[in-house]
Structure formats: structure tokens, C-alpha cells
file target.cif (mmCIF, C-alpha atoms)
data_input
#
loop_
_atom_site.label_atom_id
_atom_site.label_comp_id
_atom_site.auth_asym_id
_atom_site.auth_seq_id
_atom_site.Cartn_x
_atom_site.Cartn_y
_atom_site.Cartn_z
CA MET A 1 19.16 -0.92 -3.65
CA MET A 2 16.78 0.30 -0.95
CA ASP A 3 16.10 4.02 -0.61
CA ASP A 4 15.42 5.45 2.84
CA ALA A 5 13.76 8.68 1.65
CA ILE A 6 10.34 7.03 2.08
CA ALA A 7 9.53 4.91 5.15
CA PRO A 8 8.60 1.24 4.64
CA LEU A 9 5.02 -0.06 4.68
CA LEU A 10 3.84 -2.56 7.32
CA ILE A 11 0.75 -4.43 6.10
CA ASP A 12 -1.78 -6.18 8.31
CA THR A 13 -2.15 -9.80 7.12
CA ALA A 14 -5.95 -9.50 7.35
CA THR A 15 -5.75 -6.78 4.68
CA LEU A 16 -4.01 -9.20 2.30
CA LEU A 17 -6.56 -11.92 3.05
CA ARG A 18 -9.43 -9.56 2.28
CA LEU A 19 -7.92 -8.74 -1.13
CA GLN A 20 -8.14 -12.43 -2.21
CA LEU A 21 -5.45 -11.80 -4.80
CA HIS A 22 -4.78 -15.53 -5.14
CA ARG A 23 -8.25 -15.99 -6.66
CA TRP A 24 -8.73 -12.88 -8.73
CA THR A 25 -8.28 -12.99 -12.46
CA HIS A 26 -10.07 -9.66 -12.87
CA GLY A 27 -9.69 -6.24 -11.33
CA PRO A 28 -11.31 -4.57 -8.34
CA ASP A 29 -14.79 -3.21 -8.82
CA ASN A 30 -14.07 0.51 -8.64
CA ASP A 31 -13.12 0.22 -4.98
CA ASP A 32 -10.77 3.13 -4.28
CA ARG A 33 -9.38 1.56 -1.11
CA THR A 34 -8.63 -1.76 -2.81
CA SER A 35 -7.01 0.01 -5.76
CA SER A 36 -4.89 2.10 -3.40
CA ILE A 37 -3.74 -1.00 -1.51
CA ILE A 38 -2.70 -2.70 -4.77
CA GLU A 39 -0.85 0.46 -5.79
CA SER A 40 1.02 0.50 -2.47
CA LEU A 41 1.89 -3.19 -2.80
CA VAL A 42 3.54 -2.44 -6.13
CA LEU A 43 5.26 0.87 -5.42
CA PHE A 44 6.61 0.73 -1.87
CA ASP A 45 10.27 -0.20 -2.10
CA ARG A 46 10.22 -1.93 1.30
CA ILE A 47 7.20 -3.85 2.58
CA ILE A 48 7.07 -5.59 5.96
CA LEU A 49 4.74 -8.53 6.65
CA ASP A 50 3.90 -10.28 9.92
CA ALA A 51 5.72 -13.63 9.78
CA PRO A 52 3.49 -15.81 12.07
CA SER A 53 0.18 -14.85 10.46
CA ILE A 54 1.60 -15.13 6.92
CA ALA A 55 2.75 -18.67 7.75
CA TYR A 56 -0.64 -19.52 9.31
CA ASN A 57 -2.44 -18.39 6.14
CA GLN A 58 0.14 -19.62 3.61
CA TYR A 59 -2.46 -21.45 1.49
CA ASP A 60 -4.44 -18.27 0.78
CA LEU A 61 -1.32 -16.10 0.58
CA ASP A 62 0.86 -18.39 -1.52
CA TRP A 63 1.57 -15.52 -3.93
CA THR A 64 3.51 -13.71 -1.19
CA ALA A 65 6.17 -16.43 -1.44
CA GLU A 66 7.08 -15.01 -4.86
CA LEU A 67 7.54 -11.46 -3.57
CA SER A 68 11.08 -10.39 -4.23
CA GLU A 69 13.70 -8.08 -2.79
CA GLY A 70 12.20 -5.35 -0.65
CA VAL A 71 9.50 -7.53 0.94
CA GLU A 72 10.49 -8.96 4.29
CA LEU A 73 8.86 -10.99 7.03
CA ALA A 74 9.06 -9.33 10.45
CA THR A 75 10.84 -12.25 12.06
CA LEU A 76 11.85 -11.18 15.58
CA ASP A 77 14.53 -12.66 17.79
CA GLU A 78 13.83 -13.69 21.39
CA ALA A 79 14.66 -10.28 22.86
CA GLN A 80 12.53 -8.44 20.30
CA ASN A 81 9.61 -10.81 20.87
CA ALA A 82 9.85 -10.22 24.61
CA ALA A 83 9.86 -6.44 24.06
CA LEU A 84 6.83 -6.71 21.77
CA ASP A 85 4.96 -8.86 24.31
CA ARG A 86 5.68 -6.40 27.14
CA ARG A 87 4.44 -3.52 25.01
CA VAL A 88 1.20 -5.29 24.10
CA ALA A 89 0.59 -6.30 27.72
CA GLY A 90 1.27 -2.72 28.79
CA MET A 91 -1.31 -1.41 26.33
CA PHE A 92 -3.92 -3.70 27.87
CA GLU A 93 -3.02 -2.63 31.38
CA SER A 94 -3.37 1.02 30.35
CA LEU A 95 -7.01 0.29 29.45
CA ALA A 96 -7.85 -0.83 32.97
CA GLY A 97 -10.36 1.61 34.39
CA ALA A 98 -10.44 3.70 31.20
CA GLU A 99 -13.83 5.06 30.24
CA PRO A 100 -13.75 6.21 26.62
CA PHE A 101 -16.62 8.41 25.52
CA VAL A 102 -18.25 8.48 22.11
CA GLY A 103 -20.95 11.04 21.42
CA GLY A 104 -21.15 11.84 25.13
CA GLU A 105 -22.01 8.24 26.05
CA ARG A 106 -19.72 5.83 27.87
CA ARG A 107 -18.71 2.92 25.65
CA ASP A 108 -16.72 -0.19 26.43
CA MET A 109 -13.36 -0.24 24.60
CA LEU A 110 -14.34 -3.34 22.66
CA ASP A 111 -17.42 -1.54 21.35
CA LEU A 112 -15.16 1.00 19.65
CA LEU A 113 -13.54 -1.54 17.33
CA PRO A 114 -14.73 -1.26 13.71
CA VAL A 115 -15.15 -5.03 13.62
CA ASN A 116 -18.44 -4.43 15.46
CA GLU A 117 -19.86 -2.77 12.35
CA LEU A 118 -18.83 -5.57 9.95
CA GLY A 119 -21.23 -8.25 11.04
CA GLY A 120 -20.21 -11.46 9.30
CA ASP A 121 -17.64 -9.63 7.18
CA GLU A 122 -14.74 -10.39 9.49
CA MET A 123 -11.42 -11.43 7.97
CA PRO A 124 -9.10 -12.30 10.87
CA SER A 125 -5.56 -13.45 10.14
CA PHE A 126 -5.84 -15.66 13.25
CA PRO A 127 -9.05 -17.09 14.78
CA TRP A 128 -9.69 -15.88 18.33
CA TRP A 129 -8.59 -19.15 19.91
CA ALA A 130 -5.22 -19.06 18.10
CA VAL A 131 -4.56 -15.57 19.48
CA LEU A 132 -5.83 -16.13 23.01
CA ARG A 133 -4.03 -19.42 23.59
CA GLU A 134 -0.77 -17.48 23.22
CA ILE A 135 -1.55 -15.07 26.07
CA HIS A 136 0.72 -17.06 28.37
CA ARG A 137 3.67 -15.73 26.34
CA TYR A 138 3.19 -12.24 27.73
CA PRO A 139 5.56 -11.68 30.67
CA ASP A 140 3.96 -10.05 33.68
CA ALA A 141 0.67 -9.86 31.83
CA GLY A 142 -1.09 -8.36 34.83
CA PRO A 143 -4.72 -8.81 35.86
CA VAL A 144 -6.35 -7.81 32.56
CA LEU A 145 -4.72 -10.35 30.25
CA SER A 146 -4.60 -13.00 32.99
CA GLU A 147 -8.35 -12.72 33.50
CA ILE A 148 -8.92 -12.87 29.74
CA GLN A 149 -6.86 -16.05 29.52
CA ASN A 150 -8.62 -17.72 32.43
CA ARG A 151 -12.06 -16.97 31.03
CA ALA A 152 -11.07 -17.83 27.47
CA VAL A 153 -9.96 -21.31 28.52
CA ASP A 154 -13.55 -21.94 29.62
CA ASN A 155 -14.62 -21.81 25.97
CA PHE A 156 -12.61 -24.93 25.16
CA ARG A 157 -14.75 -26.94 27.58
CA HIS A 158 -18.07 -28.40 26.59
CA ASP A 159 -19.72 -27.31 29.81
CA ARG A 160 -18.90 -23.61 29.93
CA PRO A 161 -19.51 -21.95 33.31
CA ARG A 162 -21.67 -18.88 33.54
CA GLY A 163 -19.80 -15.64 33.22
CA SER A 164 -17.29 -16.78 30.57
CA TYR A 165 -16.91 -14.67 27.43
CA ASN A 166 -19.03 -15.54 24.45
CA GLU A 167 -17.33 -16.09 21.10
CA ARG A 168 -18.20 -12.63 19.85
CA GLU A 169 -16.46 -11.02 22.81
CA LEU A 170 -13.46 -13.31 22.36
CA THR A 171 -13.22 -12.30 18.70
CA LEU A 172 -13.19 -8.64 19.72
CA ILE A 173 -10.53 -9.23 22.37
CA ALA A 174 -8.37 -11.13 19.87
CA THR A 175 -8.79 -8.27 17.38
CA LEU A 176 -7.64 -5.78 20.01
CA ILE A 177 -4.58 -7.90 20.77
CA ARG A 178 -3.70 -8.01 17.06
CA LEU A 179 -4.21 -4.24 16.79
CA PHE A 180 -1.73 -3.66 19.64
CA HIS A 181 0.62 -6.18 17.99
CA TYR A 182 0.73 -4.18 14.74
CA LEU A 183 1.04 -0.83 16.51
CA THR A 184 4.08 -2.19 18.33
CA LEU A 185 5.63 -3.54 15.12
CA GLN A 186 5.07 -0.12 13.57
CA GLU A 187 7.07 1.46 16.39
CA MET A 188 9.86 -1.08 15.98
CA PHE A 189 10.27 -0.61 12.22
CA GLY A 190 9.38 3.09 11.92
CA ALA A 191 6.92 2.19 9.17
CA HIS A 192 3.70 3.41 7.66
CA LEU A 193 0.92 1.08 8.84
CA LEU A 194 -1.87 -0.34 6.71
CA LEU A 195 -4.46 -1.90 9.03
CA ASP A 196 -7.45 -3.95 8.02
CA ARG A 197 -10.76 -2.13 8.31
CA GLN A 198 -11.86 -4.36 11.20
CA LYS A 199 -9.11 -2.84 13.35
CA SER A 200 -9.09 0.80 12.30
CA LEU A 201 -11.63 3.51 11.55
CA VAL A 202 -9.07 5.18 9.27
CA ARG A 203 -10.01 4.42 5.68
CA ASP A 204 -7.05 6.16 4.07
CA VAL A 205 -4.32 3.93 2.66
CA PRO A 206 -0.67 5.01 3.03
CA ARG A 207 0.37 6.10 -0.47
CA TYR A 208 3.87 6.05 -1.90
CA GLY A 209 5.27 9.57 -1.68
CA TYR A 210 3.14 11.96 -3.76
CA THR A 211 1.80 9.24 -6.06
CA ALA A 212 -1.87 9.92 -5.29
CA SER A 213 -1.71 13.54 -6.40
CA ILE A 214 0.57 12.97 -9.40
CA LEU A 215 -1.46 10.10 -10.87
CA GLU A 216 -4.72 11.95 -10.22
CA ASN A 217 -3.43 14.93 -12.21
CA PHE A 218 -2.39 12.73 -15.12
CA GLU A 219 -5.76 10.93 -15.04
CA THR A 220 -7.56 14.29 -15.18
CA GLU A 221 -5.36 16.08 -17.68
CA VAL A 222 -4.26 13.20 -19.92
CA ARG A 223 -6.42 10.12 -19.65
CA ALA A 224 -9.68 12.06 -19.64
CA LYS A 225 -8.70 13.75 -22.92
CA TYR A 226 -8.00 10.37 -24.50
CA GLU A 227 -11.35 8.98 -23.29
CA GLU A 228 -13.07 12.02 -24.77
CA ARG A 229 -11.40 11.47 -28.16
CA ARG A 230 -12.18 7.77 -28.04
CA ARG A 231 -15.89 8.35 -27.35
CA ARG A 232 -16.09 10.97 -30.10
CA TRP A 233 -14.51 8.80 -32.78
CA LEU A 234 -15.91 5.40 -31.77
CA GLY A 235 -19.33 6.59 -30.70
CA GLU A 236 -19.02 4.98 -27.28
CA SER A 237 -21.06 6.04 -24.28
CA ALA A 238 -19.38 7.59 -21.27
CA PRO A 239 -17.94 4.92 -18.93
CA GLY A 240 -18.90 4.58 -15.28
CA LEU A 241 -16.49 5.37 -12.49
CA PRO A 242 -12.98 4.93 -13.89
CA VAL A 243 -10.61 2.36 -12.41
CA PRO A 244 -7.40 4.04 -11.14
CA ALA A 245 -4.42 3.84 -13.46
CA LEU A 246 -2.24 1.25 -11.74
CA SER A 247 -5.15 -1.09 -10.96
CA ARG A 248 -6.23 -0.80 -14.60
CA TYR A 249 -2.75 -1.81 -15.72
CA ILE A 250 -2.46 -4.69 -13.22
CA THR A 251 -5.81 -6.01 -14.43
CA THR A 252 -4.66 -5.88 -18.05
CA VAL A 253 -1.43 -7.74 -17.21
CA ALA A 254 -3.31 -10.44 -15.26
CA GLU A 255 -5.93 -10.98 -17.97
CA THR A 256 -3.40 -10.95 -20.83
CA ARG A 257 -1.06 -13.44 -19.17
CA GLY A 258 -3.71 -15.54 -17.45
CA TRP A 259 -2.33 -14.72 -14.00
CA SER A 260 -3.94 -14.00 -10.67
CA LEU A 261 -3.66 -10.39 -9.54
CA GLY A 262 -1.26 -11.52 -6.81
CA ARG A 263 1.17 -12.88 -9.38
CA ALA A 264 0.78 -9.74 -11.49
CA VAL A 265 1.64 -7.60 -8.45
CA THR A 266 4.79 -9.62 -7.72
CA TRP A 267 5.86 -9.39 -11.38
CA LEU A 268 5.30 -5.64 -11.64
CA ARG A 269 7.27 -4.89 -8.46
CA ASP A 270 10.43 -6.09 -10.23
CA GLN A 271 9.93 -4.27 -13.52
CA PRO A 272 12.48 -1.55 -14.44
CA GLN A 273 9.70 1.04 -14.93
CA VAL A 274 8.63 0.62 -11.28
CA LYS A 275 12.20 0.72 -9.98
CA SER A 276 12.78 3.90 -12.01
CA TYR A 277 9.58 5.43 -10.60
CA ARG A 278 10.72 4.73 -7.03
CA SER A 279 14.04 6.42 -7.72
CA GLY A 280 12.34 9.51 -9.18
CA MET A 281 9.85 9.76 -6.31
CA ALA A 282 12.60 9.38 -3.71
CA GLU A 283 14.49 12.28 -5.29
CA LEU A 284 11.37 14.47 -5.29
CA VAL A 285 10.78 13.68 -1.60
CA ARG A 286 14.41 14.45 -0.76
CA ARG A 287 14.28 17.83 -2.52
CA LEU A 288 11.07 18.79 -0.75
CA GLN A 289 12.41 17.67 2.64
CA ALA A 290 15.57 19.72 2.05
CA GLY A 291 13.54 22.82 1.19
CA ASP A 292 14.94 22.80 -2.36
CA ALA A 293 12.05 24.64 -4.05
CA ALA A 294 13.96 25.23 -7.29
CA GLY A 295 14.91 21.56 -7.53
CA ALA A 296 11.34 20.44 -6.86
CA ASP A 297 9.96 22.96 -9.37
CA GLU A 298 12.27 21.55 -12.04
CA ILE A 299 10.44 18.23 -11.63
CA PHE A 300 7.01 19.93 -11.63
CA VAL A 301 7.79 21.75 -14.90
CA ASP A 302 8.85 18.51 -16.59
CA LEU A 303 5.65 16.82 -15.39
CA ASP A 304 3.61 19.77 -16.72
CA GLU A 305 5.27 19.48 -20.12
CA ALA A 306 4.63 15.73 -20.32
CA ALA A 307 0.98 16.14 -19.27
CA ALA A 308 0.41 18.84 -21.91
CA ARG A 309 2.06 16.71 -24.62
CA TRP A 310 0.17 13.52 -23.71
CA ALA A 311 -3.14 15.38 -23.47
CA VAL A 312 -2.78 15.89 -27.24
CA GLN A 313 -1.46 12.39 -27.97
CA LEU A 314 -0.86 9.51 -25.58
CA GLY A 315 2.76 8.43 -25.48
CA ALA A 316 4.05 11.33 -27.60
CA LYS A 317 7.79 11.71 -27.16
CA PRO A 318 9.39 15.10 -26.47
CA GLU A 319 11.60 16.64 -29.10
CA ARG A 320 15.27 16.33 -28.28
CA ARG A 321 16.78 19.66 -27.31
CA ARG A 322 19.18 20.88 -29.98
CA LEU A 323 22.27 23.07 -29.87
CA PRO A 324 23.11 25.28 -32.91
CA VAL A 325 26.66 24.57 -34.09
CA THR A 326 28.43 26.58 -36.80
CA ILE A 327 30.38 24.47 -39.27
CA ALA A 328 32.78 25.98 -41.83
CA LEU A 329 32.57 24.22 -45.20
CA PRO A 330 34.89 24.92 -48.18
CA ILE A 331 32.28 27.01 -49.98
CA VAL A 332 29.82 28.22 -47.35
CA GLU A 333 29.61 28.60 -43.60
CA THR A 334 26.37 27.24 -42.10
CA ALA A 335 24.79 26.59 -38.70
CA LEU A 336 23.33 23.14 -38.04
CA PRO A 337 21.11 22.29 -35.03
CA LEU A 338 22.63 19.16 -33.49
CA PRO A 339 20.82 17.15 -30.77
CA LEU A 340 22.30 17.46 -27.32
CA PRO A 341 23.86 14.27 -25.98
CA LYS A 342 21.60 12.24 -23.66
CA PHE A 343 22.84 12.20 -20.08
CA ARG A 344 21.39 10.47 -17.02
CA ARG A 345 17.63 10.59 -16.66
CA THR A 346 16.17 13.42 -14.61
CA PRO A 347 13.90 12.60 -11.63
CA ALA A 348 10.83 13.58 -13.69
CA GLU A 349 11.88 11.30 -16.54
CA LYS A 350 12.24 8.44 -14.05
CA LEU A 351 8.68 9.05 -12.87
CA LEU A 352 7.31 9.41 -16.39
CA ILE A 353 8.57 6.03 -17.64
CA LEU A 354 5.93 4.24 -15.55
CA ILE A 355 3.29 6.96 -15.90
CA ASP A 356 3.57 6.71 -19.69
CA VAL A 357 2.83 2.97 -19.52
CA LEU A 358 -0.13 3.51 -17.17
CA MET A 359 -1.71 6.26 -19.27
CA SER A 360 -1.25 4.31 -22.53
CA THR A 361 -2.84 1.04 -21.37
CA ASP A 362 -6.55 0.20 -21.50
#

call {"tool": "encode", "arguments": {"input": "target.cif", "output": "C-alpha cells"}}
result
Amino acid sequence: MMDDAIAPLLIDTATLLRLQLHRWTHGPDNDDRTSSIIESLVLFDRIILDAPSIAYNQYDLDWTAELSEGVELATLDEAQNAALDRRVAGMFESLAGAEPFVGGERRDMLDLLPVNELGGDEMPSFPWWAVLREIHRYPDAGPVLSEIQNRAVDNFRHDRPRGSYNERELTLIATLIRLFHYLTLQEMFGAHLLLDRQKSLVRDVPRYGYTASILENFETEVRAKYEERRRRWLGESAPGLPVPALSRYITTVAETRGWSLGRAVTWLRDQPQVKSYRSGMAELVRRLQAGDAAGADEIFVDLDEAAARWAVQLGAKPERRRLPVTIALPIVETALPLPLPKFRRTPAEKLLILIDVLMSTD
């Protein structure tokens, strides 16, 4: 069942292409952004993908076909497509005559796109010609898009007239169109947006609830203590930059089972530990949004206790709380501590089921 406490995640198809999860049989090389993207792919309950570009790149993204409940293709009906097209066309028209400034110097809008800094490291989900040939779909495109279309057509002819765009400029224009496309989809679905680095200067990846902070604390307070004990007893040298917990676990699953990372991601999304984690995180978010400080602190205290226990021994289980009960026997009356019955899991316990697995896996 979907939980609406945390907004869905809309992922740019170019981001998925750059990950190359269909080829990987080993983990990311200490790339924090890549690790964060993989984490978000696993944890977000609802993920939205762009249907046309996923279909266009189905060979390289075949693993997305195995993604289960919670992952949906943003397939729009005719009215929604028309609204999206009008919005994108309107964004282009709003640029007409705009003079953005960077560092006090006038820059053309296309020069501001991060794709300019990537050189040959572009990873478009559509080539420029596939994007620009669809410009005719935009109703009332206005002079900006109409001029782009007219000049782009020149590039399909062998004898291009002077003044037509070169391929670099057409790539930048297509990238801008795709950027506006995703911004409009974000508005439609009310989602977090994960853009590829060629479209956005923002390097941060949308994280699931408070996962970044919680896992970082467990890495610092728990995993680091284990690594220290391991080095002391095995005589190992200190490792380099550590791989974040969930990426470390995904890598282990992929290598152990002989899977690609894409298949490991799809498998982990459906595991009960992940579903339990989502439920616990959603409850934490709800309590914080409601201003329930006491309820949130109850979760924090349970996390503190688990971190302190696991810092001493990974995976150590808490002692069951016991209730003293007085029993009258024929000869003597005595008090016996009996374990309390186990009720439904608390939000912290739901979070800790997955965290325990992540901390206990090399």
C-alpha cells in the first residue's frame, strides 16, 4: 500500500542511463551522488519514470521492466499531453528577450546549461533530432520554437544553408526542451525531481525522508566501531573512503547472486525489510509534520539505544522488557520476571530491521 507522507520521486531517464546498472556487476566507485541515487531507487515507495524516453532506451534500461509496484510510467492522456506541451512552449516564450547575468556578464541562456561543462560526457535520453522533430506537437508554439524548428530542419539536408544551428547548439536546445519537460511533469505529479547533471547545477539527490542523516549516524557510531575492531584484530590497514551502507549492501547482493546492480535494486525494493523501513520513515515524517515532539523523540530514543548496543556488537538484540509477577506457591510466595508480550512493531523497530542488515553486511 502506498503512503502519501513522502512525495514520489520523478527520475530523469538520462540519470538512469548514466548509472549503467544493466552492465554493472560491481558497486560504484565511492561516488556519493551515484550511491545516493541507488539509495533513492530502492527506498522511495513511489517512483515516476518518463514513458517515451524509457521506451526509446529500452535496450539499456531493460531492468526497469522488472520494477514492481510503486514504479510507474508517466503515461499521459491527450489532454494532459496538450497541457504539458503548452507549458513547455510557454517556458520558451518567457525566455524571449531575457538577458540572464552570471558574474556580472551577460550570458546566453543555452550557455547556462551544465551540459556545456561536460564536453563529450553527455548522456541524453533522446538525441537532439528526436526531440526537435517533435516540436510541431506544441500548440501555438510561438516565434521561438517555430524558428528553432525551421532552422533545425536545415540540419537534415546535406547542403545546409548558412545561419542554421550547428549540432552543438541543437543538442543544447534539445536539452533545454527536456529540462522544461521534466519541470512540467514535476508540477503535474507533485514530485521530488532528480535531474541528470547535464540539465541541473544542483548536485544534491532527493533523499527518502531523513534517511541521509539516520544512516550517516549509524555509519559513524556503529559501523566505524566495527571497522576499528576488525582492523585491530585482523591487522588490516585503514580502508579508503567508505562506500555508503545501502550501496555496499546492493553490491554484495549483486556479486553474491551474479546479478547486475539493476536487478539487485529491483529485488531489494520488494523485500520486507525495505517495506518495513518505508513504513517507519513515513510515521516519523508524519509525527514531525504534526508537531508531535514527544512521538518523534520516542523514535529518536529507540534509535539511540540501538546505535549504542550495535556499537558494542553488530546485530546485538535488545533484551525483552520484563514485568515482575508475584506467584503464590503452596510453600513459598515468589516474584518472577516474565517477558512482556510482543505487540506491533514501533516505528523505530520498523526502521531498524533494514538498518541492522545494512550495518551487518560487508

call {"tool": "closest_residue", "arguments": {"input": "target.cif", "among": "A:Ile355, A:Ile299, A:Phe180, A:Phe189", "to": "Arg287 (chain A)", "atoms": "all atoms listed in the file"}}
result
A:Ile299

call {"tool": "atom_distance", "arguments": {"input": "target.cif", "atom1": "CA of Val301 (chain A)", "atom2": "CA of Ala348 (chain A)"}}
result
8.8 Å

call {"tool": "resolve_selection", "arguments": {"input": "target.cif", "expression": "the PyMOL selection byres ((chain A and resi 209-225) around 7)", "output": "ChimeraX atom specification"}}
result
/A:6,207-208,226-229,281,285,307,310-311,359

call {"tool": "closest_residue", "arguments": {"input": "target.cif", "among": "A:Arg33, A:Val265, A:Ser40, A:Ile11", "to": "Val202 (chain A)", "atoms": "all atoms listed in the file"}}
result
A:Arg33

call {"tool": "atom_distance", "arguments": {"input": "target.cif", "atom1": "CA of Arg46 (chain A)", "atom2": "CA of Gly90 (chain A)"}}
result
28.9 Å

call {"tool": "build_atoms", "arguments": {"input": "target.cif", "residues": "region 294-309 of chain A", "atoms": "N, CA and C atoms", "output": "short mmCIF file (atom, residue, chain, number, x, y, z; two decimals), keeping the file's coordinate frame"}}
result
data_model
loop_
_atom_site.label_atom_id
_atom_site.label_comp_id
_atom_site.auth_asym_id
_atom_site.auth_seq_id
_atom_site.Cartn_x
_atom_site.Cartn_y
_atom_site.Cartn_z
N ALA A 294 13.57 25.18 -5.88
CA ALA A 294 13.96 25.23 -7.29
C ALA A 294 14.13 23.83 -7.86
N GLY A 295 14.74 22.94 -7.07
CA GLY A 295 14.91 21.56 -7.53
C GLY A 295 13.59 20.84 -7.70
N ALA A 296 12.66 21.06 -6.76
CA ALA A 296 11.34 20.44 -6.86
C ALA A 296 10.58 21.00 -8.06
N ASP A 297 10.70 22.32 -8.27
CA ASP A 297 9.96 22.96 -9.37
C ASP A 297 10.46 22.47 -10.72
N GLU A 298 11.73 22.13 -10.80
CA GLU A 298 12.27 21.55 -12.04
C GLU A 298 11.51 20.28 -12.40
N ILE A 299 11.21 19.46 -11.39
CA ILE A 299 10.44 18.23 -11.63
C ILE A 299 9.01 18.58 -12.02
N PHE A 300 8.39 19.55 -11.32
CA PHE A 300 7.01 19.93 -11.63
C PHE A 300 6.88 20.41 -13.08
N VAL A 301 7.84 21.22 -13.53
CA VAL A 301 7.79 21.75 -14.90
C VAL A 301 7.87 20.62 -15.92
N ASP A 302 8.75 19.65 -15.68
CA ASP A 302 8.85 18.51 -16.59
C ASP A 302 7.56 17.69 -16.61
N LEU A 303 6.93 17.53 -15.44
CA LEU A 303 5.65 16.82 -15.39
C LEU A 303 4.57 17.59 -16.14
N ASP A 304 4.56 18.92 -15.98
CA ASP A 304 3.61 19.77 -16.72
C ASP A 304 3.77 19.58 -18.22
N GLU A 305 5.02 19.61 -18.69
CA GLU A 305 5.27 19.48 -20.12
C GLU A 305 4.80 18.13 -20.65
N ALA A 306 5.07 17.07 -19.89
CA ALA A 306 4.63 15.73 -20.32
C ALA A 306 3.12 15.63 -20.35
N ALA A 307 2.45 16.19 -19.32
CA ALA A 307 0.98 16.14 -19.27
C ALA A 307 0.37 16.89 -20.45
N ALA A 308 0.93 18.06 -20.79
CA ALA A 308 0.41 18.84 -21.91
C ALA A 308 0.62 18.08 -23.23
N ARG A 309 1.76 17.45 -23.38
CA ARG A 309 2.06 16.71 -24.62
C ARG A 309 1.16 15.49 -24.75
#
